[in-house]
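Reviewing the structure listed below.
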Amino acid sequence: MSEIVDISGKRILLVGATGVLGRVYASALAKKGANLIIADKEQTDVLSFAQKIDALGVIVDVSSEKSVIDCINYCSEKLGGLDGVINNAAATTEGLMESGQSFAEFEEYPLEVWEKTVNINLTGTFLVAREAGRLMKSTSTSASLVNISSIYGVVGPDHRIYEGQSFKSFPGYSASKSGVIGLTKWLATWWGGTIRVNCVTPGGVFNDHNDQFVKAYSSRVPMERMADREELVGIVLYLLSDSSSYVTGQNFIIDGGLTAW
Ligand SMILES: NC(=O)c1ccc[n+]([C@@H]2O[C@H](COP(=O)([O-])OP(=O)(O)OC[C@H]3O[C@@H](n4cnc5c(N)ncnc54)[C@H](O)[C@@H]3O)[C@@H](O)[C@H]2O)c1
């Protein structure tokens, strides 16, 4: 009997593959038999990680139009087309931890950090969607694009949970992640049955956060805990598979109920 969620043999590009969630998606996709290319920025171990999981790897900077075009050309050359893409790359709190600037007070917030965030998170999602979309349209009969937003693209953060922490939520993140949901809906109605387009919206995923933060965050969640990174995998596999063949234009919020209050 074939698996209910079957992605074996599907030609899939995962963009943003070496971070907290990207690694878990990449390993699951490889294990489930996808014909996988993983992409990430130059400063990462994307090429050696790809070898380790028996996938192909490519360098991409999603904020550069030329780099995204080169990445999709690589997919076309290596796989002859694409059936699925996960737009997972982002400037995140995790990624910007080292740059104290990004956590400035809003009244002093630096324009360049705002612009950098929007360029990676929103314009990057647009560029990958445009380039990969053109390729999927001409090479796949069951194409699926999965964008990744955040609960902070749906609701505002409770800024009090960051009191005493070295990190915060930041404005370009929320704005760009809201934009990703809007772009998802726009593309779903643009492509109709040609390419299904959906969004996955995770809540806070535990990544060795300190006890004070875990407690403060968890107190905002009906399920009273952060997500485990494996808890996001199922929805991504489902959306890439033909099991979701009648699903498009939706935002799947996986947040332990945080946005349900
Ligand atoms: N972890 C969470 O709690 C959480 C919650 C909500 C949403 N998300 C979303 O899930 C996705 C993955 O998050 P994560 O926690 O794994 O974050 P992460 O910072 O660990 O990973 C982000 C990935 O994007 C890549 N990236 C950053 N800039 C890039 C660029 N210019 N070009 C190409 N790649 C680039 C990074 O190298 C990294 O692999 C993100 O879109 C994030 O916004 C995460």
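Quick note on naming: the chains in the structure tokens go A, B, ... in the order shown, residues restart at 1 in each chain, and ligands are numbered from 1 in order of appearance.
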- Query: Which residues come within 8 Å of Ile181 of chain A, counting only C-alpha atoms, excluding same-chain residues fewer than 5 positions away, as a VMD selection string?
  - Reply: chain A and resid 147 149 153 199 251
Write the residues of the selection above to a file with C-alpha atoms, as a short mmCIF file (atom, residue, chain, number, x, y, z; two decimals), in the first residue's frame.
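Result went into part14.cif, see below:
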data_model
loop_
_atom_site.label_atom_id
_atom_site.label_comp_id
_atom_site.auth_asym_id
_atom_site.auth_seq_id
_atom_site.Cartn_x
_atom_site.Cartn_y
_atom_site.Cartn_z
CA ASN A 147 5.87 29.50 2.06
CA SER A 149 5.42 32.68 7.86
CA GLY A 153 2.90 37.66 10.95
CA CYS A 199 1.71 28.84 3.94
CA ASN A 251 -2.32 29.33 6.07
#
- Task: Check which residues fall inside 8 Å of ligand 1 when counting only C-alpha atoms and all ligand atoms, and print them as an MDAnalysis selection string.
- Result: chainID A and resid 15:23 39:41 43:44 59:64 87:96 120:121 124 148:152 173 177 201:207 227 229
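Shortest atom-to-atom contact with Gln250 of chain A among A:Ser48, A:Asp70, A:Ser102, A:Leu187: A:Leu187, counting only C-alpha atoms.
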- Query: So how many Å separate atom CA of Asp255 of chain A and atom CA of Tyr162 of chain A, to one decimal?
  - Reply: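 It comes out at 18.2 Å.
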- Message: Taking 2 positions as the minimum chain separation for residues in the same chain, which residues sit within 8 Å of Leu13 of chain A when counting only C-alpha atoms? Answer as a list in words.
- Response: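 Listed by chain and then number, they are Arg11, Val15, Leu36, Ile37, Ile38, Ala39, Cys75, Leu82, Gly84, Val85 and Ile86 of chain A.
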- Item | Secondary structure check, strand (DSSP E or B) residues of segment 50-248 of chain A, as an MDAnalysis selection string | chainID A and resid 56:59 84:87 143:148 195:202 205 227
Using C-alpha atoms, can you write the selected residues to a file as an mmCIF file, in the first residue's frame?
data_model
loop_
_atom_site.group_PDB
_atom_site.id
_atom_site.type_symbol
_atom_site.label_atom_id
_atom_site.label_comp_id
_atom_site.auth_asym_id
_atom_site.auth_seq_id
_atom_site.Cartn_x
_atom_site.Cartn_y
_atom_site.Cartn_z
ATOM 1 C CA LEU A 56 22.325 18.022 -3.869
ATOM 2 C CA GLY A 57 23.378 21.351 -2.396
ATOM 3 C CA VAL A 58 23.613 24.850 -3.849
ATOM 4 C CA ILE A 59 24.531 28.277 -2.527
ATOM 5 C CA GLY A 84 7.814 21.385 -4.948
ATOM 6 C CA VAL A 85 9.557 24.298 -3.251
ATOM 7 C CA ILE A 86 9.773 25.311 0.402
ATOM 8 C CA ASN A 87 10.503 28.983 0.954
ATOM 9 C CA ALA A 143 3.380 21.500 -8.322
ATOM 10 C CA SER A 144 3.273 22.813 -4.768
ATOM 11 C CA LEU A 145 4.859 25.913 -3.264
ATOM 12 C CA VAL A 146 5.109 26.113 0.529
ATOM 13 C CA ASN A 147 5.873 29.499 2.058
ATOM 14 C CA ILE A 148 6.835 29.894 5.709
ATOM 15 C CA ILE A 195 0.666 25.440 -8.781
ATOM 16 C CA ARG A 196 -0.836 25.040 -5.326
ATOM 17 C CA VAL A 197 0.467 27.668 -2.907
ATOM 18 C CA ASN A 198 0.128 27.399 0.861
ATOM 19 C CA CYS A 199 1.714 28.842 3.938
ATOM 20 C CA VAL A 200 2.916 27.207 7.153
ATOM 21 C CA THR A 201 2.947 29.429 10.229
ATOM 22 C CA PRO A 202 4.935 28.017 13.153
ATOM 23 C CA VAL A 205 10.118 26.360 18.438
ATOM 24 C CA ALA A 227 6.926 23.506 19.729
#
Go through segment 28-91 of chain A and flag each residue having an atom no more than 9 Å from segment 134-138 of chain A; for those, report the closest pair of atoms plus their distance in Å to one decimal, using only C-alpha atoms, ordered by chain and rising number, as a Markdown table.
| residue | atom | partner | partner_atom | distance |
| --- | --- | --- | --- | --- |
| A:Ile72 | CA | A:Leu135 | CA | 7.8 |
| A:Asn73 | CA | A:Leu135 | CA | 8.8 |
| A:Ser76 | CA | A:Leu135 | CA | 7.4 |
| A:Gly81 | CA | A:Leu135 | CA | 6.2 |
| A:Leu82 | CA | A:Met136 | CA | 5.2 |
| A:Asp83 | CA | A:Met136 | CA | 6.0 |
| A:Gly84 | CA | A:Met136 | CA | 7.7 |
May I have the residues within 10 Å of Val233 of chain A as a PDB file with N, CA and C atoms, in the first residue's frame, using only C-alpha atoms and disregarding those fewer than 4 positions away in the same chain?
ATOM      1  N   LEU A  21      14.934  24.711  11.788  1.00  0.00           N
ATOM      2  CA  LEU A  21      13.886  23.886  11.166  1.00  0.00           C
ATOM      3  C   LEU A  21      14.329  23.319   9.820  1.00  0.00           C
ATOM      4  N   GLY A  22      15.142  24.060   9.082  1.00  0.00           N
ATOM      5  CA  GLY A  22      15.565  23.619   7.754  1.00  0.00           C
ATOM      6  C   GLY A  22      16.234  22.251   7.797  1.00  0.00           C
ATOM      7  N   VAL A  24      15.789  19.846   9.860  1.00  0.00           N
ATOM      8  CA  VAL A  24      14.815  18.786  10.134  1.00  0.00           C
ATOM      9  C   VAL A  24      13.996  18.500   8.871  1.00  0.00           C
ATOM     10  N   TYR A  25      13.586  19.568   8.167  1.00  0.00           N
ATOM     11  CA  TYR A  25      12.853  19.360   6.904  1.00  0.00           C
ATOM     12  C   TYR A  25      13.735  18.600   5.905  1.00  0.00           C
ATOM     13  N   ALA A  26      14.995  19.042   5.795  1.00  0.00           N
ATOM     14  CA  ALA A  26      15.900  18.429   4.807  1.00  0.00           C
ATOM     15  C   ALA A  26      16.069  16.942   5.089  1.00  0.00           C
ATOM     16  N   SER A  27      16.309  16.594   6.341  1.00  0.00           N
ATOM     17  CA  SER A  27      16.523  15.179   6.691  1.00  0.00           C
ATOM     18  C   SER A  27      15.262  14.375   6.409  1.00  0.00           C
ATOM     19  N   ALA A  28      14.095  14.928   6.753  1.00  0.00           N
ATOM     20  CA  ALA A  28      12.836  14.202   6.534  1.00  0.00           C
ATOM     21  C   ALA A  28      12.568  14.014   5.041  1.00  0.00           C
ATOM     22  N   LEU A  29      12.810  15.059   4.258  1.00  0.00           N
ATOM     23  CA  LEU A  29      12.564  14.976   2.810  1.00  0.00           C
ATOM     24  C   LEU A  29      13.480  13.940   2.174  1.00  0.00           C
ATOM     25  N   ARG A 229      10.834  20.853  17.239  1.00  0.00           N
ATOM     26  CA  ARG A 229      11.046  21.117  15.803  1.00  0.00           C
ATOM     27  C   ARG A 229      10.433  20.039  14.891  1.00  0.00           C
ATOM     28  N   LEU A 237       5.378  18.087   4.711  1.00  0.00           N
ATOM     29  CA  LEU A 237       5.327  16.911   3.833  1.00  0.00           C
ATOM     30  C   LEU A 237       3.937  16.783   3.202  1.00  0.00           C
ATOM     31  N   TYR A 238       2.908  16.990   4.009  1.00  0.00           N
ATOM     32  CA  TYR A 238       1.525  16.903   3.511  1.00  0.00           C
ATOM     33  C   TYR A 238       1.301  17.890   2.360  1.00  0.00           C
TER      34      TYR A 238
END
- Item | Minimum-distance residue to Val214 of chain A, chosen among A:Leu258, A:Ile161, A:Val154, A:Ile12 (using only C-alpha atoms) | A:Ile161
- Please give the complete set of residues from segment 97-250 of chain A that DSSP, run on the backbone, assigns to alpha helix (DSSP H), formatted as number ranges by chain. A: 111-118, 124-139, 171-191, 211-218, 233-240
Atoms kept (C-alpha atoms) for selection, written as a short mmCIF file (atom, residue, chain, number, x, y, z; two decimals), in the first residue's frame:
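The resulting file, result_14.cif, is shown below:
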data_model
loop_
_atom_site.label_atom_id
_atom_site.label_comp_id
_atom_site.auth_asym_id
_atom_site.auth_seq_id
_atom_site.Cartn_x
_atom_site.Cartn_y
_atom_site.Cartn_z
CA LEU A 111 16.41 51.57 8.41
CA GLU A 112 19.10 49.25 7.06
CA VAL A 113 18.08 46.39 9.38
CA TRP A 114 14.42 46.88 8.43
CA GLU A 115 15.34 46.82 4.72
CA LYS A 116 17.62 43.80 5.08
CA THR A 117 14.87 41.87 6.87
CA VAL A 118 12.23 42.70 4.27
CA GLY A 124 13.36 36.67 -1.21
CA THR A 125 10.10 34.72 -1.01
CA PHE A 126 8.81 36.64 -4.05
CA LEU A 127 11.99 35.98 -6.08
CA VAL A 128 12.03 32.25 -5.33
CA ALA A 129 8.29 32.00 -6.06
CA ARG A 130 8.65 33.80 -9.39
CA GLU A 131 11.67 31.88 -10.64
CA ALA A 132 10.70 28.46 -9.29
CA GLY A 133 7.07 29.06 -10.29
CA ARG A 134 8.02 29.55 -13.93
CA LEU A 135 10.02 26.31 -13.87
CA MET A 136 7.31 24.34 -12.02
CA LYS A 137 4.65 25.56 -14.44
CA SER A 138 6.53 24.13 -17.41
CA THR A 139 7.82 20.92 -15.80
CA PRO A 171 9.40 44.90 13.45
CA GLY A 172 10.65 43.91 9.97
CA TYR A 173 10.09 40.29 10.91
CA SER A 174 6.39 40.72 11.68
CA ALA A 175 5.81 42.97 8.68
CA SER A 176 7.58 40.65 6.25
CA LYS A 177 5.92 37.51 7.64
CA SER A 178 2.47 39.12 7.26
CA GLY A 179 3.48 39.90 3.70
CA VAL A 180 4.34 36.25 3.09
CA ILE A 181 0.73 35.28 3.99
CA GLY A 182 -0.63 37.93 1.61
CA LEU A 183 1.70 36.82 -1.18
CA THR A 184 0.64 33.20 -0.62
CA LYS A 185 -3.03 34.05 -1.14
CA TRP A 186 -2.27 36.24 -4.15
CA LEU A 187 -0.23 33.49 -5.81
CA ALA A 188 -2.80 30.80 -5.03
CA THR A 189 -5.47 32.68 -6.93
CA TRP A 190 -3.02 33.63 -9.71
CA TRP A 191 -1.88 30.06 -10.38
CA ASP A 211 14.09 28.68 31.40
CA GLN A 212 12.80 32.20 32.01
CA PHE A 213 11.94 32.65 28.32
CA VAL A 214 10.42 29.17 27.96
CA LYS A 215 8.20 29.85 30.97
CA ALA A 216 7.16 33.31 29.78
CA TYR A 217 6.46 32.10 26.23
CA SER A 218 4.66 28.96 27.37
CA VAL A 233 7.53 18.36 9.55
CA GLY A 234 4.16 16.64 8.98
CA ILE A 235 2.38 19.68 7.59
CA VAL A 236 5.24 20.48 5.20
CA LEU A 237 5.33 16.91 3.83
CA TYR A 238 1.53 16.90 3.51
CA LEU A 239 1.49 20.15 1.54
CA LEU A 240 4.20 18.91 -0.83
#
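Atom CA of Glu230 of chain A to atom CA of Ile254 of chain A spans 11.6 Å [interatomic distance, one decimal].
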- Quick one: of A:Gly193, A:Lys66, A:Ala30, A:Glu107, who's nearest to Lys52 of chain A, counting only C-alpha atoms?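 Under the stated criterion, the closest residue is A:Ala30.
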- For atom CA of Val68 of chain A and atom CA of Lys10 of chain A, determine how far apart the two atoms are, in Å to one decimal place. 20.7 Å
